[in-house]
Structure formats: structure tokens, C-alpha cells
Amino acid sequence: MSSKSMAEQQAEQRLLSGRAWQDYCEVLRLAGQAIERFGAEPTELDRAEWYRFLTRLTRNGLERFVENCEPERPRLRDAPWRQSINFQSPDQDHLLAEFVDGTQSYVIRGNRGTAPYFVMASWSALQPREAGASDWAPRGFAGLKECNPALLRTTAMLQSQSIDFDAAGNFAVTVSAAPPPGGRNWLKIEPDCVGLLIRVVYHDRARETAPTMRIERSSAAAPQPLNAASLATALAKSGQLVLAYLELVRSWWQDNLSQRPNCIRFSRALYLSNGGVPDRHHGFGTWRKAAAEALVLRFTPPECDYWIFQLCNLWQENLDNYEEGQGHVTKYRCRLEPDGSVWIVIAARDPGIGGNWLDPGGHVHGGMSLRLILTQAPPPRVSAWVVPLAALEGSGRAALETATAIDSGEVAD
């Protein structure tokens, strides 16, 4: 009699017969059609970026679940900011490790380098182990109620300030359900843990040395041959990841953020619902202006280790001009006013009124975020004005006096 469960046998048969692959391809076909849920709102540029977004999500899913989810051979994989999901900061490295569950223990060893701060977090998500036994395409987006790799819940975190380093900056962190002797350098995981995310924050990436880290399983189990049932599950989760992030983008835009254009709202619940960590304030919003208009923002950042304001496209991706230093501004790369406030001008060209000019890269709308890391102060209020770009060029900041200010920055929860 086979020792495999009924679900494992079904998953194996689905993979070997080709059904799991066909279902995965059908999920991707549904994903490609999902842009129609946005109606006429996407521009031609938005639509082009949508299809590129699909390729990035597809690559992300396959790398996470097919290539880097082997129970005996864990890895920390960098998630490049050009594959950005949910306003990913270009001043952060995101190192991901994927687990099947939280029943094993691990050790992360490395050297901290000179980056000023990093934080390790464990998370759980709706990723059933038997996902490979089922067809997902017929369920469409409704299937996310049963398998949703984007609905992440952070269960524990460990900040670099709480890690013991030796004189050379070397460290070892235990990742387990039970604490190690002494309870130091420990990241707790729950039985339903499906992975880790390590965020490395840079102040000036060009001048700082990245930390080095590697993860290994404590039991040192030997790698196993490819398992058909496991691959069926990996394909199922990879496809569901694409649908999950498309639905997340849609719901954030249509059901939430677009209801308050040109506003920033700080919602801890919204941020933590996607694997966030409570060491920061992170405000989200949408921006909208015509091609011939400018959006001007003003806020006074509180005392904090680091902050970043960034523009994103409709799909919460970083703009292509980030590589040229455009589209975002940070605490360590900004022009401050004498009173400590920050002025940001979002326009097709620099109107010459000072502050920090951001080129929207041909976009007329999208998402925006303001992230403040390691602060005890409340988040700032944010004022915004939409004015003709020509008026700014002709009258300078005086053009704002006749425009209606939009006040935001509230804390939703």
C-alpha cells in the first residue's frame, strides 16, 4: 500500500499527466485578461506596463516556489526592485527564503557589512500544502480564498540592533519555533510559517557595503530528487501568486486608494496585511494630474533613521526612471527647506521653484508612498496642490495661493 496521502497521489498524477501545467497556463491566460477589470482607466503606457508586470510576477512566482522552495536546501533570494511589488524601495534589499511549513529549524549566518540597518521577519500565508492536488483556473480569482500567496501575515521580527555581532561583524541567528539556549539571536517561526523576508535598508547604497547572509537547515538533511507532487504544488502556488498580486493591485486602487486622489493615508493594518513589519510608518496613496499640470506636495518629516517618498505606476511598480535617480526622494538625497520641510514637485519638467522635482516618466496617475523607518514620532501631515505647470513656471510658488490645498497624512488605524 502506498504511504502517500490521497492529496499527494492526486498532485503527482496531475503533474505527470500534464494537467498541472495546463492549469497553470490557463491561470496565466486569465491573468492577462484581468486588465479589463480596470475599464478605460489605464492609458496606453499603463497597458504596456501591465503586460510587462505579468512577466515579472510570473518570473517571481516561479523563482520563489519552483526554484527556491526545497525543504532540504533553503536559500535567501534577492528580489530586485525592478520586479517591484507594492511600492518596493530601491534603497532596500529584499532577501526571501521560502518554506513548505514551519516544522524545521534553520540558522542564518553572515556578516553585517556597513549597511546601517536590517530587519528579519517570518510570515505565514494561505498556501495549502495540498494545492497541487486541485485545478485552480476554473475558480478564477475566487480561488484566492483558499490559496493566496500575497496575503502575508508577519508573525515575528528581529532587528539588527537586537543581534549580537562579533568584532568583525559576523553573526548567527537561529530560526526556529523554540528559542535557542540563552534566547538571543532568535527569530521565531510558527508551525504555518511559509518563509522569511530580510529587509536591508541603505542610507547611501554606493558608499555602504551590503551584508552577506546564507541560510541552512539545522538538521543538514540531504537534498532529495524532484518530487512530482511537490512540483504540482509549486506550479499551483506560482499561478496563484500572479492572480493574488493582480487582485491586490486592483483592490488597493479601486476599493481604497483611488477614492482619495493626491492624498497619503497611514494605515498600519493595510501595510501589515502584505507582510509589513511594525518598525515603520508607511503611508499609501494615489496621485493624479493631467500632463500639463503639476502636483506639489509638502510635508515635514519627523526624526527618523530613514524616509523615502516614491512615485509608482498604476500597478504599484517603481518607475523606469528610478535608475537615473528620478521618481523618488529620500532623507539622504533631498533638498530641505530652512524650516525642515520637504517640497516635492511632480511634473513633466522642472518648473524652477526649488524643492525636489520628480519626473513622472510619462504617467498621469499611479500610486505613491511615504515610508519612515525607525521613528517614535507620529507620521507627518501632507499638503498637496494641483496647478497648471505653466502657472508654476510663470509665478513660482505664488501660483499655489489660488489653488485649493488637499490636506492628508491621517492615521487610519
# chains A, B, ... in the order shown; residues from 1 in each chain; ligands from 1
>>> closest_atom_pairs(of="segment 58-88 of chain A", to="segment 103-123 of chain A", cutoff="10 Å", atoms="only C-alpha atoms", output="Markdown table")
| residue | atom | partner | partner_atom | distance |
| --- | --- | --- | --- | --- |
| A:Pro71 | CA | A:Gln104 | CA | 8.6 |
| A:Glu72 | CA | A:Gln104 | CA | 9.5 |
| A:Pro74 | CA | A:Tyr106 | CA | 8.7 |
| A:Arg75 | CA | A:Ile108 | CA | 9.9 |
| A:Leu76 | CA | A:Ile108 | CA | 9.3 |
>>> write_last_selection(atoms="N, CA, C and O atoms", output="mmCIF file, in the first residue's frame")
data_model
loop_
_atom_site.group_PDB
_atom_site.id
_atom_site.type_symbol
_atom_site.label_atom_id
_atom_site.label_comp_id
_atom_site.auth_asym_id
_atom_site.auth_seq_id
_atom_site.Cartn_x
_atom_site.Cartn_y
_atom_site.Cartn_z
ATOM 1 N N PRO A 71 12.622 21.897 0.695
ATOM 2 C CA PRO A 71 12.685 21.815 2.164
ATOM 3 C C PRO A 71 14.079 21.531 2.712
ATOM 4 O O PRO A 71 14.429 22.002 3.794
ATOM 5 N N GLU A 72 14.891 20.752 1.981
ATOM 6 C CA GLU A 72 16.211 20.389 2.484
ATOM 7 C C GLU A 72 17.307 21.387 2.100
ATOM 8 O O GLU A 72 18.424 21.282 2.591
ATOM 9 N N PRO A 74 17.289 25.305 1.774
ATOM 10 C CA PRO A 74 16.743 26.672 1.754
ATOM 11 C C PRO A 74 17.759 27.659 1.183
ATOM 12 O O PRO A 74 18.970 27.438 1.232
ATOM 13 N N ARG A 75 17.254 28.755 0.660
ATOM 14 C CA ARG A 75 18.101 29.795 0.084
ATOM 15 C C ARG A 75 17.525 31.160 0.438
ATOM 16 O O ARG A 75 16.319 31.300 0.660
ATOM 17 N N LEU A 76 18.380 32.165 0.454
ATOM 18 C CA LEU A 76 17.956 33.561 0.537
ATOM 19 C C LEU A 76 18.109 34.153 -0.856
ATOM 20 O O LEU A 76 19.224 34.234 -1.380
#
>>> residues_around(residues="Tyr332 of chain A", least_positions_apart="2", cutoff="12 Å", atoms="only C-alpha atoms", output="ChimeraX atom specification")
/A:91,202-205,304-309,328-330,334-336
>>> residues_around(residues="Gly409 of chain A", least_positions_apart="5", cutoff="8 Å", atoms="only C-alpha atoms", output="list in words")
Cys263, Ile264, Arg265, Phe266, Gly283, Pro379, Pro380, Arg381 and Val382 of chain A
>>> write_last_selection(atoms="N, CA, C and O atoms", output="CSV table (one decimal), in the first residue's frame")
chain,number,residue,atom,x,y,z
A,263,CYS,N,-3.7,62.1,-2.0
A,263,CYS,CA,-3.7,62.0,-0.5
A,263,CYS,C,-2.8,60.9,-0.1
A,263,CYS,O,-2.7,59.8,-0.8
A,264,ILE,N,-2.2,61.0,1.1
A,264,ILE,CA,-1.4,59.9,1.7
A,264,ILE,C,-2.2,59.6,3.0
A,264,ILE,O,-2.6,60.4,3.8
A,265,ARG,N,-2.4,58.3,3.2
A,265,ARG,CA,-3.0,57.8,4.4
A,265,ARG,C,-2.1,56.7,5.0
A,265,ARG,O,-1.7,55.8,4.3
A,266,PHE,N,-1.9,56.8,6.3
A,266,PHE,CA,-1.1,55.9,7.0
A,266,PHE,C,-2.0,54.8,7.7
A,266,PHE,O,-2.7,55.1,8.6
A,283,GLY,N,2.8,55.2,4.6
A,283,GLY,CA,1.6,55.8,4.1
A,283,GLY,C,1.5,55.5,2.6
A,283,GLY,O,2.5,55.6,1.9
A,379,PRO,N,3.3,60.1,12.2
A,379,PRO,CA,3.6,60.5,10.8
A,379,PRO,C,3.2,61.9,10.5
A,379,PRO,O,2.4,62.5,11.2
A,380,PRO,N,3.8,62.5,9.5
A,380,PRO,CA,3.5,63.9,9.2
A,380,PRO,C,2.2,64.2,8.4
A,380,PRO,O,1.7,63.3,7.8
A,381,ARG,N,1.7,65.4,8.5
A,381,ARG,CA,0.7,65.8,7.7
A,381,ARG,C,1.3,66.1,6.3
A,381,ARG,O,2.4,66.5,6.2
A,382,VAL,N,0.5,65.9,5.3
A,382,VAL,CA,0.9,66.1,3.9
A,382,VAL,C,-0.1,67.1,3.2
A,382,VAL,O,-1.3,66.8,3.2
>>> residues_around(residues="Glu190 of chain A", least_positions_apart="5", cutoff="10 Å", atoms="only C-alpha atoms", output="list of chain:residue names")
A:Asp101, A:Gly102, A:Thr103, A:Ser122, A:Trp123, A:Ser124, A:Thr155, A:Ala156, A:Ser176, A:Ala177, A:Ala178
>>> write_last_selection(atoms="C-alpha atoms", output="CSV table (one decimal), in the first residue's frame")
chain,number,residue,atom,x,y,z
A,101,ASP,CA,5.9,25.0,6.6
A,102,GLY,CA,7.4,25.9,9.9
A,103,THR,CA,8.2,22.4,11.2
A,122,SER,CA,8.9,35.5,9.5
A,123,TRP,CA,5.5,35.2,7.9
A,124,SER,CA,2.5,32.9,7.2
A,155,THR,CA,4.4,36.6,12.9
A,156,ALA,CA,7.8,37.7,14.3
A,176,SER,CA,13.0,28.0,15.0
A,177,ALA,CA,9.8,27.5,16.9
A,178,ALA,CA,11.7,27.1,20.3
>>> select_by_dssp(residues="segment 217-311 of chain A", states="strand (DSSP E)", output="ChimeraX atom specification")
/A:217,265-266,280-288,293-299,306-311
>>> write_last_selection(atoms="N, CA and C atoms", output="mmCIF file, in the first residue's frame")
data_model
loop_
_atom_site.group_PDB
_atom_site.id
_atom_site.type_symbol
_atom_site.label_atom_id
_atom_site.label_comp_id
_atom_site.auth_asym_id
_atom_site.auth_seq_id
_atom_site.Cartn_x
_atom_site.Cartn_y
_atom_site.Cartn_z
ATOM 1 N N ARG A 217 19.501 24.534 6.810
ATOM 2 C CA ARG A 217 18.646 23.804 7.740
ATOM 3 C C ARG A 217 19.493 23.199 8.846
ATOM 4 N N ARG A 265 -2.404 58.270 3.195
ATOM 5 C CA ARG A 265 -3.016 57.800 4.433
ATOM 6 C C ARG A 265 -2.113 56.731 5.031
ATOM 7 N N PHE A 266 -1.880 56.842 6.337
ATOM 8 C CA PHE A 266 -1.058 55.875 7.046
ATOM 9 C C PHE A 266 -1.976 54.839 7.686
ATOM 10 N N ARG A 280 8.075 50.832 11.343
ATOM 11 C CA ARG A 280 7.992 52.000 10.476
ATOM 12 C C ARG A 280 6.557 52.461 10.321
ATOM 13 N N HIS A 281 6.409 53.711 9.871
ATOM 14 C CA HIS A 281 5.142 54.201 9.347
ATOM 15 C C HIS A 281 5.224 54.109 7.829
ATOM 16 N N HIS A 282 4.178 53.608 7.210
ATOM 17 C CA HIS A 282 4.167 53.546 5.745
ATOM 18 C C HIS A 282 2.809 54.025 5.260
ATOM 19 N N GLY A 283 2.812 55.206 4.622
ATOM 20 C CA GLY A 283 1.586 55.780 4.098
ATOM 21 C C GLY A 283 1.468 55.529 2.610
ATOM 22 N N PHE A 284 0.245 55.254 2.156
ATOM 23 C CA PHE A 284 -0.015 54.971 0.745
ATOM 24 C C PHE A 284 -1.044 55.950 0.200
ATOM 25 N N GLY A 285 -0.997 56.143 -1.101
ATOM 26 C CA GLY A 285 -1.979 56.995 -1.757
ATOM 27 C C GLY A 285 -1.905 56.826 -3.261
ATOM 28 N N THR A 286 -2.765 57.542 -3.942
ATOM 29 C CA THR A 286 -2.696 57.613 -5.398
ATOM 30 C C THR A 286 -2.485 59.066 -5.802
ATOM 31 N N TRP A 287 -1.822 59.241 -6.923
ATOM 32 C CA TRP A 287 -1.620 60.584 -7.453
ATOM 33 C C TRP A 287 -2.261 60.644 -8.832
ATOM 34 N N ARG A 288 -2.759 61.837 -9.152
ATOM 35 C CA ARG A 288 -3.455 62.009 -10.426
ATOM 36 C C ARG A 288 -3.329 63.469 -10.860
ATOM 37 N N GLU A 293 -0.259 69.581 -16.061
ATOM 38 C CA GLU A 293 -0.370 70.047 -14.677
ATOM 39 C C GLU A 293 0.829 69.584 -13.847
ATOM 40 N N ALA A 294 0.944 70.184 -12.689
ATOM 41 C CA ALA A 294 1.945 69.783 -11.697
ATOM 42 C C ALA A 294 1.234 69.437 -10.393
ATOM 43 N N LEU A 295 1.738 68.445 -9.703
ATOM 44 C CA LEU A 295 1.277 68.110 -8.357
ATOM 45 C C LEU A 295 2.394 68.492 -7.396
ATOM 46 N N VAL A 296 2.091 69.373 -6.455
ATOM 47 C CA VAL A 296 3.073 69.850 -5.483
ATOM 48 C C VAL A 296 2.703 69.301 -4.109
ATOM 49 N N LEU A 297 3.659 68.701 -3.429
ATOM 50 C CA LEU A 297 3.451 68.133 -2.096
ATOM 51 C C LEU A 297 4.386 68.803 -1.097
ATOM 52 N N ARG A 298 3.920 68.925 0.131
ATOM 53 C CA ARG A 298 4.747 69.488 1.198
ATOM 54 C C ARG A 298 4.490 68.718 2.489
ATOM 55 N N PHE A 299 5.576 68.323 3.177
ATOM 56 C CA PHE A 299 5.466 67.675 4.485
ATOM 57 C C PHE A 299 6.757 67.926 5.254
ATOM 58 N N TYR A 306 15.436 56.945 8.565
ATOM 59 C CA TYR A 306 15.402 56.996 7.099
ATOM 60 C C TYR A 306 13.968 57.260 6.671
ATOM 61 N N TRP A 307 13.799 58.012 5.588
ATOM 62 C CA TRP A 307 12.489 58.129 4.964
ATOM 63 C C TRP A 307 12.651 58.163 3.454
ATOM 64 N N ILE A 308 11.602 57.748 2.742
ATOM 65 C CA ILE A 308 11.590 57.802 1.284
ATOM 66 C C ILE A 308 10.176 58.116 0.814
ATOM 67 N N PHE A 309 10.066 59.042 -0.136
ATOM 68 C CA PHE A 309 8.827 59.277 -0.875
ATOM 69 C C PHE A 309 9.057 58.743 -2.273
ATOM 70 N N GLN A 310 8.102 57.970 -2.788
ATOM 71 C CA GLN A 310 8.281 57.417 -4.133
ATOM 72 C C GLN A 310 6.978 57.416 -4.922
ATOM 73 N N LEU A 311 7.162 57.692 -6.215
ATOM 74 C CA LEU A 311 6.081 57.555 -7.176
ATOM 75 C C LEU A 311 6.111 56.151 -7.757
#
>>> closest_residue(among="A:Gly169, A:Gly132, A:Gly39, A:Pro351", to="Cys147 of chain A", atoms="only C-alpha atoms")
A:Gly132
>>> closest_residue(among="A:Cys193, A:Pro261, A:Val342, A:Gly355", to="Ile406 of chain A", atoms="only C-alpha atoms")
A:Pro261
>>> closest_residue(among="A:Leu196, A:Leu187, A:Leu152, A:Val27", to="Asp78 of chain A", atoms="only C-alpha atoms")
A:Leu196
>>> atom_distance(atom1="atom CA of Asp93 of chain A", atom2="atom CA of Ala210 of chain A")
8.8 Å
>>> atom_distance(atom1="atom CA of Asp164 of chain A", atom2="atom CA of Asn185 of chain A")
6.6 Å
>>> select_by_dssp(residues="segment 173-310 of chain A", states="alpha helix (DSSP H)", output="PyMOL selection string")
chain A and resi 228-254+268-272
>>> closest_residue(among="A:Gly143, A:Ile353, A:Gln224, A:Gln376", to="Leu400 of chain A", atoms="only C-alpha atoms")
A:Ile353
>>> atom_distance(atom1="atom CA of Ala398 of chain A", atom2="atom CA of Gln326 of chain A")
25.3 Å
>>> residues_around(residues="Glu98 of chain A", least_positions_apart="4", cutoff="6 Å", atoms="only C-alpha atoms", output="NGL selection string")
:A and (69 or 194-195)
>>> residues_around(residues="Gly362 of chain A", least_positions_apart="6", cutoff="8 Å", atoms="only C-alpha atoms", output="list in words")
Leu45, Ala291 and Ala348 of chain A
>>> closest_residue(among="A:Gly352, A:Pro191, A:Pro42, A:Pro301", to="Asp339 of chain A", atoms="only C-alpha atoms")
A:Pro301
>>> decode(residues="segment 262-312 of chain A", atoms="N, CA and C atoms", output="tab-separated table (two decimals), in the first residue's frame")
chain	number	residue	atom	x	y	z
A	262	ASN	N	-4.41	62.06	-4.66
A	262	ASN	CA	-3.44	63.06	-4.19
A	262	ASN	C	-3.42	63.20	-2.67
A	263	CYS	N	-3.70	62.09	-2.01
A	263	CYS	CA	-3.66	62.03	-0.55
A	263	CYS	C	-2.80	60.86	-0.10
A	264	ILE	N	-2.18	61.01	1.06
A	264	ILE	CA	-1.44	59.93	1.71
A	264	ILE	C	-2.18	59.56	2.99
A	265	ARG	N	-2.40	58.27	3.20
A	265	ARG	CA	-3.02	57.80	4.43
A	265	ARG	C	-2.11	56.73	5.03
A	266	PHE	N	-1.88	56.84	6.34
A	266	PHE	CA	-1.06	55.88	7.05
A	266	PHE	C	-1.98	54.84	7.69
A	267	SER	N	-1.96	53.63	7.14
A	267	SER	CA	-2.79	52.55	7.66
A	267	SER	C	-1.90	51.37	8.01
A	268	ARG	N	-1.71	51.14	9.30
A	268	ARG	CA	-0.88	50.01	9.72
A	268	ARG	C	-1.52	48.69	9.31
A	269	ALA	N	-2.83	48.60	9.37
A	269	ALA	CA	-3.50	47.36	9.00
A	269	ALA	C	-3.27	47.04	7.53
A	270	LEU	N	-3.38	48.05	6.67
A	270	LEU	CA	-3.18	47.83	5.24
A	270	LEU	C	-1.75	47.38	4.97
A	271	TYR	N	-0.79	48.05	5.60
A	271	TYR	CA	0.62	47.71	5.38
A	271	TYR	C	0.94	46.31	5.91
A	272	LEU	N	0.50	46.00	7.11
A	272	LEU	CA	0.82	44.71	7.71
A	272	LEU	C	0.10	43.56	7.02
A	273	SER	N	-0.98	43.84	6.27
A	273	SER	CA	-1.69	42.79	5.56
A	273	SER	C	-0.89	42.21	4.41
A	274	ASN	N	0.22	42.85	4.06
A	274	ASN	CA	1.04	42.34	2.97
A	274	ASN	C	2.48	42.09	3.44
A	275	GLY	N	2.60	41.59	4.65
A	275	GLY	CA	3.91	41.20	5.13
A	275	GLY	C	4.76	42.33	5.68
A	276	GLY	N	4.16	43.47	6.02
A	276	GLY	CA	4.92	44.58	6.56
A	276	GLY	C	5.42	44.29	7.97
A	277	VAL	N	6.36	45.12	8.42
A	277	VAL	CA	6.91	44.98	9.77
A	277	VAL	C	6.66	46.26	10.54
A	278	PRO	N	6.36	46.16	11.85
A	278	PRO	CA	5.96	47.34	12.63
A	278	PRO	C	7.12	48.17	13.15
A	279	ASP	N	8.16	48.35	12.32
A	279	ASP	CA	9.26	49.22	12.72
A	279	ASP	C	9.22	50.54	11.97
A	280	ARG	N	8.08	50.83	11.34
A	280	ARG	CA	7.99	52.00	10.48
A	280	ARG	C	6.56	52.46	10.32
A	281	HIS	N	6.41	53.71	9.87
A	281	HIS	CA	5.14	54.20	9.35
A	281	HIS	C	5.22	54.11	7.83
A	282	HIS	N	4.18	53.61	7.21
A	282	HIS	CA	4.17	53.55	5.75
A	282	HIS	C	2.81	54.02	5.26
A	283	GLY	N	2.81	55.21	4.62
A	283	GLY	CA	1.59	55.78	4.10
A	283	GLY	C	1.47	55.53	2.61
A	284	PHE	N	0.24	55.25	2.16
A	284	PHE	CA	-0.01	54.97	0.75
A	284	PHE	C	-1.04	55.95	0.20
A	285	GLY	N	-1.00	56.14	-1.10
A	285	GLY	CA	-1.98	56.99	-1.76
A	285	GLY	C	-1.90	56.83	-3.26
A	286	THR	N	-2.77	57.54	-3.94
A	286	THR	CA	-2.70	57.61	-5.40
A	286	THR	C	-2.48	59.07	-5.80
A	287	TRP	N	-1.82	59.24	-6.92
A	287	TRP	CA	-1.62	60.58	-7.45
A	287	TRP	C	-2.26	60.64	-8.83
A	288	ARG	N	-2.76	61.84	-9.15
A	288	ARG	CA	-3.45	62.01	-10.43
A	288	ARG	C	-3.33	63.47	-10.86
A	289	LYS	N	-2.88	63.68	-12.07
A	289	LYS	CA	-2.80	65.02	-12.63
A	289	LYS	C	-2.75	64.90	-14.15
A	290	ALA	N	-3.17	65.95	-14.85
A	290	ALA	CA	-3.08	65.97	-16.31
A	290	ALA	C	-1.64	66.20	-16.74
A	291	ALA	N	-1.34	65.89	-17.99
A	291	ALA	CA	0.03	66.02	-18.49
A	291	ALA	C	0.55	67.45	-18.37
A	292	ALA	N	-0.35	68.44	-18.51
A	292	ALA	CA	0.07	69.84	-18.46
A	292	ALA	C	-0.01	70.42	-17.05
A	293	GLU	N	-0.26	69.58	-16.06
A	293	GLU	CA	-0.37	70.05	-14.68
A	293	GLU	C	0.83	69.58	-13.85
A	294	ALA	N	0.94	70.18	-12.69
A	294	ALA	CA	1.95	69.78	-11.70
A	294	ALA	C	1.23	69.44	-10.39
A	295	LEU	N	1.74	68.45	-9.70
A	295	LEU	CA	1.28	68.11	-8.36
A	295	LEU	C	2.39	68.49	-7.40
A	296	VAL	N	2.09	69.37	-6.45
A	296	VAL	CA	3.07	69.85	-5.48
A	296	VAL	C	2.70	69.30	-4.11
A	297	LEU	N	3.66	68.70	-3.43
A	297	LEU	CA	3.45	68.13	-2.10
A	297	LEU	C	4.39	68.80	-1.10
A	298	ARG	N	3.92	68.92	0.13
A	298	ARG	CA	4.75	69.49	1.20
A	298	ARG	C	4.49	68.72	2.49
A	299	PHE	N	5.58	68.32	3.18
A	299	PHE	CA	5.47	67.67	4.48
A	299	PHE	C	6.76	67.93	5.25
A	300	THR	N	6.68	67.77	6.56
A	300	THR	CA	7.85	67.91	7.41
A	300	THR	C	8.13	66.56	8.05
A	301	PRO	N	9.15	65.86	7.61
A	301	PRO	CA	9.41	64.52	8.16
A	301	PRO	C	9.83	64.59	9.62
A	302	PRO	N	9.36	63.67	10.44
A	302	PRO	CA	9.78	63.64	11.84
A	302	PRO	C	11.19	63.05	11.96
A	303	GLU	N	11.73	63.09	13.15
A	303	GLU	CA	13.03	62.46	13.38
A	303	GLU	C	12.90	60.96	13.14
A	304	CYS	N	13.76	60.43	12.27
A	304	CYS	CA	13.71	59.01	11.95
A	304	CYS	C	15.06	58.60	11.37
A	305	ASP	N	15.29	57.31	11.29
A	305	ASP	CA	16.54	56.82	10.73
A	305	ASP	C	16.59	57.04	9.22
A	306	TYR	N	15.44	56.95	8.56
A	306	TYR	CA	15.40	57.00	7.10
A	306	TYR	C	13.97	57.26	6.67
A	307	TRP	N	13.80	58.01	5.59
A	307	TRP	CA	12.49	58.13	4.96
A	307	TRP	C	12.65	58.16	3.45
A	308	ILE	N	11.60	57.75	2.74
A	308	ILE	CA	11.59	57.80	1.28
A	308	ILE	C	10.18	58.12	0.81
A	309	PHE	N	10.07	59.04	-0.14
A	309	PHE	CA	8.83	59.28	-0.87
A	309	PHE	C	9.06	58.74	-2.27
A	310	GLN	N	8.10	57.97	-2.79
A	310	GLN	CA	8.28	57.42	-4.13
A	310	GLN	C	6.98	57.42	-4.92
A	311	LEU	N	7.16	57.69	-6.22
A	311	LEU	CA	6.08	57.55	-7.18
A	311	LEU	C	6.11	56.15	-7.76
A	312	CYS	N	4.95	55.59	-8.00
A	312	CYS	CA	4.85	54.30	-8.68
A	312	CYS	C	3.78	54.40	-9.77
